[in-house]
$ cat protein.csv   # CSV, C-alpha atoms
chain,number,residue,atom,x,y,z
V,3,MET,CA,-150.7,-62.9,-24.8
V,4,VAL,CA,-149.8,-66.6,-24.7
V,5,PHE,CA,-150.4,-66.5,-20.9
V,6,ALA,CA,-153.9,-65.1,-21.4
V,7,VAL,CA,-154.7,-67.7,-24.1
V,8,GLY,CA,-153.4,-70.5,-21.9
V,9,PHE,CA,-155.4,-69.1,-18.9
V,10,ALA,CA,-158.6,-69.0,-20.9
V,11,LEU,CA,-158.0,-72.5,-22.4
V,12,PHE,CA,-157.5,-74.0,-19.0
V,13,ALA,CA,-160.6,-72.3,-17.6
V,14,LEU,CA,-162.5,-73.6,-20.6
V,15,GLY,CA,-161.1,-77.1,-20.0
V,16,ILE,CA,-162.4,-76.9,-16.4
V,17,LEU,CA,-165.8,-75.8,-17.7
V,18,ILE,CA,-165.9,-78.7,-20.2
V,19,SER,CA,-164.9,-81.1,-17.5
V,20,VAL,CA,-167.8,-80.0,-15.3
V,21,ALA,CA,-170.2,-80.0,-18.2
V,22,LEU,CA,-169.2,-83.6,-19.1
V,23,HIS,CA,-169.7,-84.6,-15.5
V,24,GLU,CA,-173.3,-83.4,-15.7
V,25,CYS,CA,-173.5,-85.2,-19.1
V,26,GLY,CA,-172.6,-88.4,-17.3
V,27,HIS,CA,-175.6,-88.0,-14.9
V,28,MET,CA,-177.9,-87.0,-17.8
V,29,TRP,CA,-177.0,-89.8,-20.1
V,30,ALA,CA,-177.2,-92.4,-17.3
V,31,ALA,CA,-180.7,-91.1,-16.3
V,32,GLN,CA,-182.0,-91.1,-19.9
V,33,ALA,CA,-180.6,-94.7,-20.5
V,34,THR,CA,-182.4,-96.0,-17.3
V,35,GLY,CA,-185.7,-94.4,-18.3
V,36,MET,CA,-185.8,-91.4,-16.0
V,37,LYS,CA,-186.9,-88.0,-17.2
V,38,VAL,CA,-184.3,-85.1,-17.6
V,39,ARG,CA,-186.1,-81.8,-17.7
V,40,ARG,CA,-183.1,-79.5,-18.1
V,41,TYR,CA,-179.4,-79.6,-18.9
V,42,PHE,CA,-177.5,-76.3,-18.6
V,43,ILE,CA,-173.9,-75.1,-18.6
V,44,GLY,CA,-173.5,-72.3,-16.2
V,45,PHE,CA,-175.8,-70.7,-13.7
V,46,GLY,CA,-177.9,-67.5,-13.5
V,47,PRO,CA,-180.0,-66.0,-16.3
V,48,THR,CA,-180.4,-68.1,-19.4
V,49,LEU,CA,-178.5,-66.8,-22.5
V,50,TRP,CA,-179.6,-69.4,-25.0
V,51,SER,CA,-181.6,-72.6,-24.9
V,52,PHE,CA,-183.5,-75.1,-27.1
V,53,GLN,CA,-185.8,-78.0,-26.6
V,54,ARG,CA,-185.1,-81.4,-27.9
V,55,GLY,CA,-187.5,-84.1,-26.9
V,56,GLU,CA,-188.4,-83.7,-23.2
V,57,THR,CA,-185.2,-82.0,-22.3
V,58,GLU,CA,-184.3,-78.3,-22.5
V,59,TYR,CA,-180.6,-77.7,-23.2
V,60,GLY,CA,-178.9,-74.3,-22.8
V,61,ILE,CA,-176.2,-71.9,-21.6
V,62,LYS,CA,-176.5,-69.6,-18.6
V,63,ALA,CA,-174.7,-66.3,-17.9
V,64,VAL,CA,-172.3,-67.4,-15.1
V,65,PRO,CA,-169.9,-70.0,-16.5
V,66,LEU,CA,-169.0,-71.6,-13.1
V,67,GLY,CA,-170.3,-75.1,-13.6
V,68,GLY,CA,-173.6,-76.6,-14.8
V,69,PHE,CA,-176.5,-78.8,-13.7
V,70,CYS,CA,-178.7,-81.6,-14.8
V,71,ASP,CA,-182.3,-81.5,-13.6
V,72,ILE,CA,-183.7,-85.0,-13.2
V,73,VAL,CA,-187.3,-85.4,-12.3
V,74,GLY,CA,-187.8,-86.5,-8.6
V,75,MET,CA,-184.1,-86.6,-7.5
V,76,THR,CA,-185.6,-86.5,-4.0
V,77,ALA,CA,-189.1,-87.0,-2.6
V,78,LEU,CA,-189.2,-83.2,-1.9
V,79,ASP,CA,-189.2,-82.3,-5.6
V,80,ASP,CA,-192.4,-81.3,-7.3
V,81,VAL,CA,-193.4,-84.0,-9.7
V,82,ARG,CA,-196.2,-83.9,-12.2
V,83,PRO,CA,-198.7,-86.8,-11.9
V,84,GLU,CA,-197.8,-88.2,-15.3
V,85,ASP,CA,-194.1,-88.2,-14.3
V,86,VAL,CA,-194.4,-90.0,-11.0
V,87,ASP,CA,-193.4,-93.4,-12.2
V,88,ARG,CA,-190.3,-91.9,-13.8
V,89,ALA,CA,-189.2,-90.0,-10.7
V,90,MET,CA,-185.7,-90.9,-9.7
V,91,TYR,CA,-186.4,-91.5,-6.0
V,92,ARG,CA,-188.9,-94.2,-7.1
V,93,GLN,CA,-186.5,-96.2,-9.2
V,94,ALA,CA,-184.6,-99.4,-8.4
V,95,THR,CA,-181.5,-99.0,-6.3
V,96,TRP,CA,-179.1,-100.0,-9.1
V,97,LYS,CA,-180.6,-97.4,-11.5
V,98,ARG,CA,-180.2,-94.6,-9.0
V,99,LEU,CA,-176.6,-95.6,-8.3
V,100,VAL,CA,-175.8,-95.7,-12.0
V,101,VAL,CA,-177.1,-92.2,-12.4
V,102,MET,CA,-175.2,-90.9,-9.3
V,103,VAL,CA,-171.9,-92.6,-10.4
V,104,GLY,CA,-172.3,-91.5,-14.0
V,105,GLY,CA,-170.7,-88.1,-13.4
V,106,ILE,CA,-167.8,-89.5,-11.4
V,107,VAL,CA,-167.1,-92.1,-14.0
V,108,MET,CA,-167.2,-89.4,-16.7
V,109,ASN,CA,-164.4,-87.4,-14.9
V,110,PHE,CA,-162.3,-90.4,-14.5
V,111,ALA,CA,-162.8,-91.4,-18.1
V,112,LEU,CA,-161.9,-87.9,-19.3
V,113,GLY,CA,-158.8,-87.9,-17.1
V,114,PHE,CA,-157.7,-91.3,-18.5
V,115,LEU,CA,-158.2,-90.0,-22.1
V,116,LEU,CA,-156.0,-87.0,-21.3
V,117,ILE,CA,-153.3,-89.3,-19.9
V,118,VAL,CA,-153.4,-91.3,-23.1
V,119,VAL,CA,-152.9,-88.1,-25.1
V,120,LEU,CA,-150.1,-87.1,-22.8
V,121,ALA,CA,-148.4,-90.5,-23.3
V,122,VAL,CA,-148.6,-90.4,-27.1
V,123,GLY,CA,-147.8,-86.7,-27.5
V,124,TRP,CA,-145.1,-86.1,-24.9
V,125,GLY,CA,-144.5,-89.2,-22.8
V,126,LEU,CA,-145.4,-89.9,-19.2
V,127,PRO,CA,-143.4,-88.4,-16.3
V,128,ASN,CA,-141.9,-90.4,-13.5
V,129,LEU,CA,-144.1,-89.5,-10.5
V,130,ASP,CA,-141.9,-91.4,-7.9
V,131,GLU,CA,-139.4,-89.3,-5.9
V,132,PRO,CA,-135.9,-90.4,-7.0
V,133,ALA,CA,-134.0,-92.5,-4.6
V,134,PRO,CA,-130.6,-91.2,-3.3
V,135,VAL,CA,-128.4,-93.3,-5.6
V,136,VAL,CA,-125.0,-91.9,-6.5
V,137,GLY,CA,-124.4,-91.1,-10.2
V,138,THR,CA,-121.5,-89.1,-11.5
V,139,LEU,CA,-118.7,-87.9,-9.1
V,140,ALA,CA,-117.4,-84.4,-9.6
V,141,CYS,CA,-115.6,-81.5,-8.1
V,142,VAL,CA,-117.6,-78.6,-6.4
V,143,SER,CA,-117.5,-74.9,-6.9
V,144,ASP,CA,-119.4,-71.7,-6.2
V,145,ALA,CA,-122.3,-70.6,-8.3
V,146,ASN,CA,-122.6,-67.6,-10.6
V,147,PRO,CA,-125.5,-65.2,-10.2
V,148,ASP,CA,-127.3,-66.8,-13.1
V,149,GLY,CA,-127.2,-70.2,-11.3
V,150,SER,CA,-124.5,-71.8,-13.4
V,151,LEU,CA,-121.5,-73.2,-11.6
V,152,LYS,CA,-117.9,-71.9,-11.9
V,153,PRO,CA,-115.4,-74.3,-13.5
V,154,CYS,CA,-113.4,-76.6,-11.2
V,155,THR,CA,-110.9,-79.4,-11.4
V,156,GLY,CA,-109.9,-82.4,-9.4
V,157,ALA,CA,-111.7,-84.8,-7.2
V,158,GLY,CA,-114.7,-83.6,-5.1
V,159,PRO,CA,-115.4,-84.5,-1.4
V,160,ALA,CA,-117.6,-87.5,-2.3
V,161,GLU,CA,-114.9,-89.1,-4.4
V,162,LYS,CA,-112.2,-88.3,-1.8
V,163,GLY,CA,-114.4,-89.8,0.9
V,164,GLY,CA,-114.9,-93.0,-1.0
V,165,LEU,CA,-118.5,-92.8,-2.3
V,166,LEU,CA,-118.9,-94.8,-5.5
V,167,PRO,CA,-121.3,-94.6,-8.5
V,168,GLY,CA,-124.3,-96.9,-7.8
V,169,ASP,CA,-124.1,-96.5,-4.0
V,170,ARG,CA,-127.6,-96.0,-2.5
V,171,VAL,CA,-127.5,-93.7,0.5
V,172,THR,CA,-129.8,-94.9,3.3
V,173,ALA,CA,-128.8,-92.5,6.1
V,174,VAL,CA,-127.0,-89.2,6.7
V,175,ASP,CA,-125.3,-89.1,10.1
V,176,GLY,CA,-127.7,-91.8,11.3
V,177,ALA,CA,-130.9,-90.1,10.0
V,178,GLU,CA,-132.7,-92.3,7.5
V,179,VAL,CA,-133.2,-90.9,4.0
V,180,THR,CA,-135.3,-92.5,1.3
V,181,THR,CA,-135.4,-89.8,-1.4
V,182,TRP,CA,-132.9,-87.6,-3.2
V,183,ALA,CA,-134.6,-84.5,-1.8
V,184,GLU,CA,-134.1,-85.7,1.8
V,185,PHE,CA,-130.5,-86.6,1.1
V,186,THR,CA,-129.8,-83.2,-0.5
V,187,GLU,CA,-131.5,-81.3,2.3
V,188,LYS,CA,-129.6,-83.1,5.1
V,189,THR,CA,-126.3,-82.8,3.3
V,190,ARG,CA,-126.6,-79.1,2.6
V,191,GLU,CA,-127.4,-78.2,6.2
V,192,LYS,CA,-124.4,-80.0,7.7
V,193,THR,CA,-121.3,-77.9,8.6
V,194,GLY,CA,-118.8,-80.6,9.5
V,195,THR,CA,-117.8,-84.2,8.6
V,196,ILE,CA,-120.7,-86.3,7.4
V,197,THR,CA,-121.1,-90.0,7.8
V,198,TYR,CA,-123.2,-91.7,5.1
V,199,THR,CA,-124.6,-95.1,5.4
V,200,VAL,CA,-124.8,-96.7,1.9
V,201,ASP,CA,-126.1,-99.9,0.4
V,202,ARG,CA,-123.3,-101.1,-1.8
V,203,GLY,CA,-124.1,-104.4,-3.6
V,204,GLY,CA,-126.4,-105.5,-0.7
V,205,GLN,CA,-123.9,-104.6,2.0
V,206,SER,CA,-124.1,-101.7,4.4
V,207,VAL,CA,-121.0,-99.5,4.3
V,208,LEU,CA,-120.1,-96.3,6.3
V,209,VAL,CA,-118.5,-93.6,4.2
V,210,VAL,CA,-117.1,-90.4,5.9
V,211,VAL,CA,-117.0,-87.3,3.7
V,212,GLU,CA,-115.7,-83.8,4.5
V,213,PRO,CA,-118.0,-81.4,2.5
V,214,GLU,CA,-117.0,-78.1,1.1
V,215,GLN,CA,-118.8,-74.8,1.7
V,216,VAL,CA,-120.0,-73.2,-1.5
V,217,LEU,CA,-121.9,-70.2,-2.5
V,218,ARG,CA,-125.4,-70.5,-3.9
V,219,TYR,CA,-127.9,-67.8,-5.1
V,220,GLY,CA,-131.7,-67.8,-4.3
V,221,THR,CA,-134.4,-66.9,-6.8
V,222,ASP,CA,-134.6,-63.4,-5.2
V,223,GLY,CA,-130.9,-62.8,-5.7
V,224,SER,CA,-130.0,-63.6,-2.1
V,225,THR,CA,-126.9,-65.7,-1.3
V,226,ARG,CA,-126.1,-68.4,1.2
V,227,GLN,CA,-123.4,-70.9,2.0
V,228,ILE,CA,-124.2,-74.6,1.8
V,229,SER,CA,-122.3,-77.9,2.1
V,230,ALA,CA,-121.6,-79.7,-1.2
V,231,ILE,CA,-119.9,-83.0,-1.8
V,232,GLY,CA,-120.0,-83.3,-5.7
V,233,ILE,CA,-122.3,-86.0,-6.9
V,234,THR,CA,-125.2,-86.1,-9.3
V,235,LEU,CA,-128.3,-88.3,-9.2
V,236,ASP,CA,-128.5,-91.6,-10.8
V,237,ALA,CA,-132.2,-91.7,-11.8
V,238,PRO,CA,-134.4,-93.1,-14.5
V,239,PRO,CA,-135.4,-90.8,-17.4
V,240,PRO,CA,-137.8,-88.1,-16.2
V,241,VAL,CA,-140.2,-88.9,-19.1
V,242,THR,CA,-140.9,-92.2,-20.9
V,243,GLU,CA,-142.3,-92.0,-24.4
V,244,TYR,CA,-144.9,-94.5,-25.8
V,245,GLY,CA,-146.4,-95.4,-29.2
V,246,PRO,CA,-150.2,-95.4,-29.7
V,247,VAL,CA,-150.5,-99.1,-28.8
V,248,GLU,CA,-148.2,-99.1,-25.7
V,249,ALA,CA,-149.8,-95.8,-24.5
V,250,VAL,CA,-153.0,-97.4,-23.3
V,251,PRO,CA,-151.6,-99.9,-20.7
V,252,ALA,CA,-149.0,-97.4,-19.7
V,253,ALA,CA,-151.7,-94.7,-19.2
V,254,ALA,CA,-153.7,-97.3,-17.1
V,255,SER,CA,-150.8,-97.9,-14.8
V,256,PHE,CA,-150.0,-94.1,-14.6
V,257,THR,CA,-153.7,-93.5,-13.8
V,258,GLY,CA,-153.5,-96.0,-10.9
V,259,ASP,CA,-150.6,-94.0,-9.4
V,260,LEU,CA,-152.5,-90.7,-9.9
V,261,PHE,CA,-155.6,-92.3,-8.2
V,262,VAL,CA,-153.5,-93.1,-5.1
V,263,ARG,CA,-152.0,-89.6,-5.0
V,264,THR,CA,-155.3,-87.9,-5.6
V,265,PHE,CA,-157.0,-89.7,-2.6
V,266,GLU,CA,-153.9,-89.0,-0.5
V,267,ALA,CA,-154.2,-85.3,-1.4
V,268,LEU,CA,-157.9,-85.4,-0.6
V,269,ALA,CA,-157.3,-86.8,2.8
V,270,GLN,CA,-154.7,-84.1,3.5
V,271,MET,CA,-157.0,-81.2,2.6
V,272,PRO,CA,-158.2,-80.4,6.2
V,273,ALA,CA,-154.6,-80.2,7.4
V,274,LYS,CA,-153.8,-77.7,4.6
V,275,VAL,CA,-156.0,-75.0,6.2
V,276,ALA,CA,-153.1,-73.6,8.3
V,277,ALA,CA,-150.7,-73.5,5.4
V,278,LEU,CA,-153.3,-71.7,3.2
V,279,TRP,CA,-153.9,-69.2,6.0
V,280,GLU,CA,-150.2,-68.6,6.4
V,281,ALA,CA,-150.0,-67.9,2.6
V,282,VAL,CA,-152.8,-65.4,2.9
V,283,THR,CA,-151.3,-63.6,5.8
V,284,GLY,CA,-147.8,-63.1,4.3
V,285,GLY,CA,-146.0,-66.4,4.8
V,286,GLU,CA,-144.4,-68.6,2.2
V,287,ARG,CA,-146.9,-70.5,-0.1
V,288,ASP,CA,-146.6,-74.2,0.3
V,289,PRO,CA,-146.6,-75.7,-3.3
V,290,GLU,CA,-148.4,-78.7,-2.0
V,291,THR,CA,-151.5,-76.7,-1.0
V,292,PRO,CA,-154.7,-76.9,-3.0
V,293,VAL,CA,-155.5,-74.4,-5.8
V,294,SER,CA,-158.7,-72.8,-6.9
V,295,ILE,CA,-160.1,-72.7,-10.4
V,296,TYR,CA,-158.3,-69.3,-10.8
V,297,GLY,CA,-155.1,-70.7,-9.4
V,298,ALA,CA,-155.2,-73.8,-11.7
V,299,SER,CA,-156.0,-71.6,-14.7
V,300,ARG,CA,-153.1,-69.4,-13.8
V,301,ILE,CA,-150.7,-72.4,-13.7
V,302,GLY,CA,-152.2,-73.4,-17.1
V,303,GLY,CA,-151.4,-70.0,-18.5
V,304,GLU,CA,-147.8,-70.2,-17.2
V,305,SER,CA,-147.5,-73.6,-18.8
V,306,ALA,CA,-148.7,-72.4,-22.1
V,307,GLU,CA,-146.4,-69.3,-22.0
V,308,ALA,CA,-143.4,-71.6,-21.4
V,309,GLY,CA,-144.5,-74.0,-24.1
V,310,LEU,CA,-145.0,-76.7,-21.5
V,311,TRP,CA,-148.2,-78.1,-23.0
V,312,GLU,CA,-147.5,-81.5,-21.4
V,313,VAL,CA,-147.8,-79.8,-18.0
V,314,PHE,CA,-151.1,-78.2,-19.1
V,315,VAL,CA,-152.5,-81.6,-20.1
V,316,LEU,CA,-151.3,-83.3,-17.0
V,317,MET,CA,-152.8,-80.6,-14.8
V,318,LEU,CA,-156.2,-80.9,-16.5
V,319,ALA,CA,-156.1,-84.7,-16.2
V,320,SER,CA,-155.3,-84.4,-12.5
V,321,LEU,CA,-158.1,-81.9,-12.0
V,322,ASN,CA,-160.6,-84.4,-13.5
V,323,PHE,CA,-159.4,-87.1,-11.2
V,324,PHE,CA,-159.7,-84.8,-8.2
V,325,LEU,CA,-163.2,-83.7,-9.2
V,326,GLY,CA,-164.3,-87.4,-9.5
V,327,ALA,CA,-162.6,-88.3,-6.2
V,328,PHE,CA,-164.1,-85.2,-4.4
V,329,ASN,CA,-167.6,-86.1,-5.5
V,330,ILE,CA,-167.2,-89.6,-3.9
V,331,LEU,CA,-167.2,-88.0,-0.4
V,332,PRO,CA,-170.4,-89.1,1.4
V,333,LEU,CA,-171.5,-85.5,2.0
V,334,LEU,CA,-174.6,-83.8,0.6
V,335,PRO,CA,-175.0,-82.1,-1.8
V,336,LEU,CA,-172.1,-84.1,-3.4
V,337,ASP,CA,-172.8,-87.2,-5.5
V,338,GLY,CA,-171.3,-89.3,-2.7
V,339,GLY,CA,-173.9,-88.0,-0.3
V,340,HIS,CA,-176.8,-89.1,-2.6
V,341,ILE,CA,-175.1,-92.4,-3.0
V,342,ALA,CA,-174.9,-92.8,0.7
V,343,VAL,CA,-178.6,-92.1,1.0
V,344,VAL,CA,-179.5,-94.7,-1.7
V,345,LEU,CA,-177.3,-97.3,0.0
V,346,TYR,CA,-178.8,-96.6,3.4
V,347,GLU,CA,-182.3,-97.0,2.0
V,348,LYS,CA,-181.3,-100.3,0.4
V,349,VAL,CA,-179.7,-101.7,3.6
V,350,ARG,CA,-182.7,-100.5,5.7
V,351,ASN,CA,-185.3,-102.1,3.5
V,352,THR,CA,-183.3,-105.3,3.3
V,353,VAL,CA,-183.3,-105.5,7.1
V,354,ARG,CA,-187.0,-104.6,7.2
V,355,GLY,CA,-187.7,-107.4,4.7
V,356,LEU,CA,-185.9,-109.9,6.9
V,357,ARG,CA,-188.1,-108.8,9.8
V,358,GLY,CA,-191.2,-109.3,7.7
V,359,LEU,CA,-191.9,-105.5,7.4
V,360,ALA,CA,-192.7,-103.5,4.3
V,361,PRO,CA,-190.1,-101.3,2.8
V,362,GLY,CA,-189.7,-97.8,4.4
V,363,GLY,CA,-190.4,-94.6,2.6
V,364,PRO,CA,-187.7,-92.3,1.0
V,365,VAL,CA,-185.2,-90.6,3.3
V,366,ASP,CA,-186.5,-87.3,4.6
V,367,PHE,CA,-184.0,-84.8,3.1
V,368,LEU,CA,-185.4,-82.0,5.4
V,369,LYS,CA,-183.8,-83.8,8.3
V,370,LEU,CA,-180.5,-83.8,6.5
V,371,LEU,CA,-180.6,-80.1,5.6
V,372,PRO,CA,-178.5,-79.0,8.7
V,373,LEU,CA,-175.7,-81.4,7.8
V,374,THR,CA,-175.9,-80.2,4.2
V,375,TYR,CA,-175.7,-76.5,5.2
V,376,VAL,CA,-172.6,-77.3,7.4
V,377,ALA,CA,-170.9,-79.1,4.5
V,378,VAL,CA,-171.8,-76.2,2.1
V,379,VAL,CA,-170.5,-73.5,4.5
V,380,LEU,CA,-167.3,-75.4,5.3
V,381,GLY,CA,-166.7,-76.2,1.7
V,382,GLY,CA,-167.4,-72.6,0.6
V,383,SER,CA,-165.1,-71.2,3.2
V,384,TYR,CA,-162.3,-73.5,2.1
V,385,MET,CA,-162.8,-72.4,-1.5
V,386,VAL,CA,-162.7,-68.7,-0.5
V,387,LEU,CA,-159.5,-69.3,1.5
V,388,THR,CA,-157.9,-71.1,-1.5
V,389,LEU,CA,-159.0,-68.4,-3.9
V,390,ALA,CA,-157.6,-65.7,-1.6
V,391,ALA,CA,-154.2,-67.6,-1.4
V,392,ASP,CA,-154.1,-67.9,-5.2
V,393,ILE,CA,-154.7,-64.1,-5.6
V,394,ILE,CA,-152.4,-62.9,-2.8
V,395,ASN,CA,-149.7,-65.5,-2.9
V,396,PRO,CA,-150.1,-67.8,-5.9
V,397,ILE,CA,-148.2,-70.9,-6.7
V,398,ARG,CA,-145.8,-70.2,-9.6
V,399,LEU,CA,-144.2,-72.6,-12.0
V,400,PHE,CA,-141.4,-70.2,-12.5
V,401,PRO,CA,-140.4,-68.0,-9.5
$ encode --input "protein.csv" --output "structure tokens"
Amino acid sequence: MVFAVGFALFALGILISVALHECGHMWAAQATGMKVRRYFIGFGPTLWSFQRGETEYGIKAVPLGGFCDIVGMTALDDVRPEDVDRAMYRQATWKRLVVMVGGIVMNFALGFLLIVVLAVGWGLPNLDEPAPVVGTLACVSDANPDGSLKPCTGAGPAEKGGLLPGDRVTAVDGAEVTTWAEFTEKTREKTGTITYTVDRGGQSVLVVVEPEQVLRYGTDGSTRQISAIGITLDAPPPVTEYGPVEAVPAAASFTGDLFVRTFEALAQMPAKVAALWEAVTGGERDPETPVSIYGASRIGGESAEAGLWEVFVLMLASLNFFLGAFNILPLLPLDGGHIAVVLYEKVRNTVRGLRGLAPGGPVDFLKLLPLTYVAVVLGGSYMVLTLAADIINPIRLFP
């Protein structure tokens, strides 16, 4: 029951995010003197609507987004004679840009607000991958089926070999490592003596360790032997809590990190097609692959069921950053595509003015339709592939 509630709440959060995105466009258009004919949440048949001023507001039957109908978004739109002067394509460049950017800014603002809520309510997680710095030294032992370790005594391989708390491992058998995950993976796969290169107080030191083979259980009950040396990670706290005043600058810094990661993920999307296809055809699902609205809502449901509402809020914030970043792409019909057209017209008219020529007319969107169709087909296919992966082989918080 809690899963279903969490699933529904996350889906509602996505719908609200999209609706506020369209509000950003609408409010910017109204503030700059343009006419907004309709603002609707959803698509398809109208369930309910009302007229306020010159704008019709309402809800449609299919809750998969929303739209804002601004008079004269392109020169192809039908515009009544009395509305020609308020048509969007006839407005100054800065006004058109403000309207196009309005939705993107709204998603970023909503994401930041959610991060502030996260900082005050639960604290902000450390997004950086921990460095391989030695913490506590311990003995090693086999695992029990439930994942706990059997008791052991004495010094472990790391202590016997000479590793010390505070050592920063920089290489494993000559292979560079920069994160705890890389260090752990390379250590576990070794079967003989391991030579670690460590930074100890600014000096590079070689430490030779003889690992022990121990039993570990997989999430599916399978067993395997791995090499273990008996150290724990020396890392900063996974979560830092803030008061209401400190939360704002901390959220701003955290948002900057999320921006970088969001655009990195966006750049990697084309390369994830093969991984998504592998997940659909029976392979293992890469947890770094994108998720659909269904997949994100499913993770939201799992978070709620486990009582991890901080994960729920962070997921929703990240989704808003992704929506904003995705809409920046200079492809029609995205906002970024319309922004690119407006900037092209401005540069073209500036050049024409320097040559003593009159400004050119609006860009012919009919000529851009083939590129628009290609973007829609490719984007739609990617969404279908992602949805199929989320249904057949979903990402799970808890295997």
$ residues_around --input "protein.csv" --residues "region 338-353 of chain V" --least-positions-apart "2" --cutoff "12 Å" --atoms "only C-alpha atoms" --output "PyMOL selection string"
chain V and resi 75-76+90-106+325-336+355-367+370-371+373-374+377
$ atom_distance --input "protein.csv" --atom1 "CA of Glu212 (chain V)" --atom2 "CA of Glu131 (chain V)"
26.5 Å
$ closest_residue --input "protein.csv" --among "V:Ala230, V:Val171, V:Ile397, V:Val378" --to "Pro292 (chain V)" --atoms "all atoms listed in the file"
V:Ile397
$ atom_distance --input "protein.csv" --atom1 "CA of Pro213 (chain V)" --atom2 "CA of Thr195 (chain V)"
6.7 Å
$ closest_residue --input "protein.csv" --among "V:Trp124, V:Phe110, V:Trp311, V:Phe5" --to "Val241 (chain V)" --atoms "only C-alpha atoms"
V:Trp124
$ closest_residue --input "protein.csv" --among "V:Ala254, V:Leu260, V:Tyr198, V:Thr291" --to "Trp279 (chain V)" --atoms "all atoms listed in the file"
V:Thr291
$ atom_distance --input "protein.csv" --atom1 "CA of Gly125 (chain V)" --atom2 "CA of Gly309 (chain V)"
15.3 Å
$ closest_residue --input "protein.csv" --among "V:Pro47, V:Gly223, V:Gly204, V:Pro134" --to "Ala183 (chain V)" --atoms "all atoms listed in the file"
V:Pro134
$ residues_around --input "protein.csv" --residues "Thr138 (chain V)" --least-positions-apart "4" --cutoff "9 Å" --atoms "all atoms listed in the file" --output "list in words"
Leu166, Pro167, Gly232, Ile233, Thr234, Leu235 and Asp236 of chain V
$ closest_residue --input "protein.csv" --among "V:Thr155, V:Thr225, V:Thr257, V:Thr199" --to "Arg170 (chain V)" --atoms "all atoms listed in the file"
V:Thr199
$ closest_residue --input "protein.csv" --among "V:Asp175, V:Ala281, V:Gly156, V:Pro147" --to "Gly220 (chain V)" --atoms "all atoms listed in the file"
V:Pro147
$ residues_around --input "protein.csv" --residues "Gly245 (chain V)" --least-positions-apart "2" --cutoff "8 Å" --atoms "only C-alpha atoms" --output "PyMOL selection string"
chain V and resi 121-122+243+247-249
$ residues_around --input "protein.csv" --residues "region 72-74 of chain V" --least-positions-apart "5" --cutoff "10 Å" --atoms "all atoms listed in the file" --output "count of residues only"
25
$ residues_around --input "protein.csv" --residues "Gly168 (chain V)" --least-positions-apart "3" --cutoff "7 Å" --atoms "all atoms listed in the file" --output "PyMOL selection string"
chain V and resi 135-137
$ build_atoms --input "protein.csv" --residues "region 286-298 of chain V" --atoms "N, CA and C atoms" --output "PDB file, in the coordinates of the input"
ATOM      1  N   GLU V 286    -144.820 -67.928   3.431  1.00  0.00           N
ATOM      2  CA  GLU V 286    -144.400 -68.600   2.200  1.00  0.00           C
ATOM      3  C   GLU V 286    -145.533 -69.544   1.739  1.00  0.00           C
ATOM      4  N   ARG V 287    -145.823 -69.588   0.445  1.00  0.00           N
ATOM      5  CA  ARG V 287    -146.900 -70.500  -0.100  1.00  0.00           C
ATOM      6  C   ARG V 287    -146.310 -71.887  -0.239  1.00  0.00           C
ATOM      7  N   ASP V 288    -146.951 -72.826   0.426  1.00  0.00           N
ATOM      8  CA  ASP V 288    -146.600 -74.200   0.300  1.00  0.00           C
ATOM      9  C   ASP V 288    -147.055 -74.721  -1.086  1.00  0.00           C
ATOM     10  N   PRO V 289    -146.156 -75.205  -1.952  1.00  0.00           N
ATOM     11  CA  PRO V 289    -146.600 -75.700  -3.300  1.00  0.00           C
ATOM     12  C   PRO V 289    -147.482 -76.878  -3.250  1.00  0.00           C
ATOM     13  N   GLU V 290    -147.591 -77.536  -2.079  1.00  0.00           N
ATOM     14  CA  GLU V 290    -148.400 -78.700  -2.000  1.00  0.00           C
ATOM     15  C   GLU V 290    -149.862 -78.358  -1.528  1.00  0.00           C
ATOM     16  N   THR V 291    -150.161 -77.074  -1.340  1.00  0.00           N
ATOM     17  CA  THR V 291    -151.500 -76.700  -1.000  1.00  0.00           C
ATOM     18  C   THR V 291    -152.443 -76.697  -2.160  1.00  0.00           C
ATOM     19  N   PRO V 292    -153.762 -76.879  -1.931  1.00  0.00           N
ATOM     20  CA  PRO V 292    -154.700 -76.900  -3.000  1.00  0.00           C
ATOM     21  C   PRO V 292    -154.771 -75.557  -3.768  1.00  0.00           C
ATOM     22  N   VAL V 293    -155.284 -75.591  -4.984  1.00  0.00           N
ATOM     23  CA  VAL V 293    -155.500 -74.400  -5.800  1.00  0.00           C
ATOM     24  C   VAL V 293    -156.940 -74.263  -6.181  1.00  0.00           C
ATOM     25  N   SER V 294    -157.394 -73.039  -6.381  1.00  0.00           N
ATOM     26  CA  SER V 294    -158.700 -72.800  -6.900  1.00  0.00           C
ATOM     27  C   SER V 294    -158.793 -72.899  -8.368  1.00  0.00           C
ATOM     28  N   ILE V 295    -159.974 -72.687  -8.936  1.00  0.00           N
ATOM     29  CA  ILE V 295    -160.100 -72.700 -10.400  1.00  0.00           C
ATOM     30  C   ILE V 295    -159.225 -71.570 -10.982  1.00  0.00           C
ATOM     31  N   TYR V 296    -159.199 -70.415 -10.297  1.00  0.00           N
ATOM     32  CA  TYR V 296    -158.300 -69.300 -10.800  1.00  0.00           C
ATOM     33  C   TYR V 296    -156.878 -69.723 -10.698  1.00  0.00           C
ATOM     34  N   GLY V 297    -156.469 -70.326  -9.570  1.00  0.00           N
ATOM     35  CA  GLY V 297    -155.100 -70.700  -9.400  1.00  0.00           C
ATOM     36  C   GLY V 297    -154.654 -71.768 -10.425  1.00  0.00           C
ATOM     37  N   ALA V 298    -155.528 -72.753 -10.677  1.00  0.00           N
ATOM     38  CA  ALA V 298    -155.200 -73.800 -11.700  1.00  0.00           C
ATOM     39  C   ALA V 298    -155.112 -73.183 -13.058  1.00  0.00           C
TER      40      ALA V 298
END
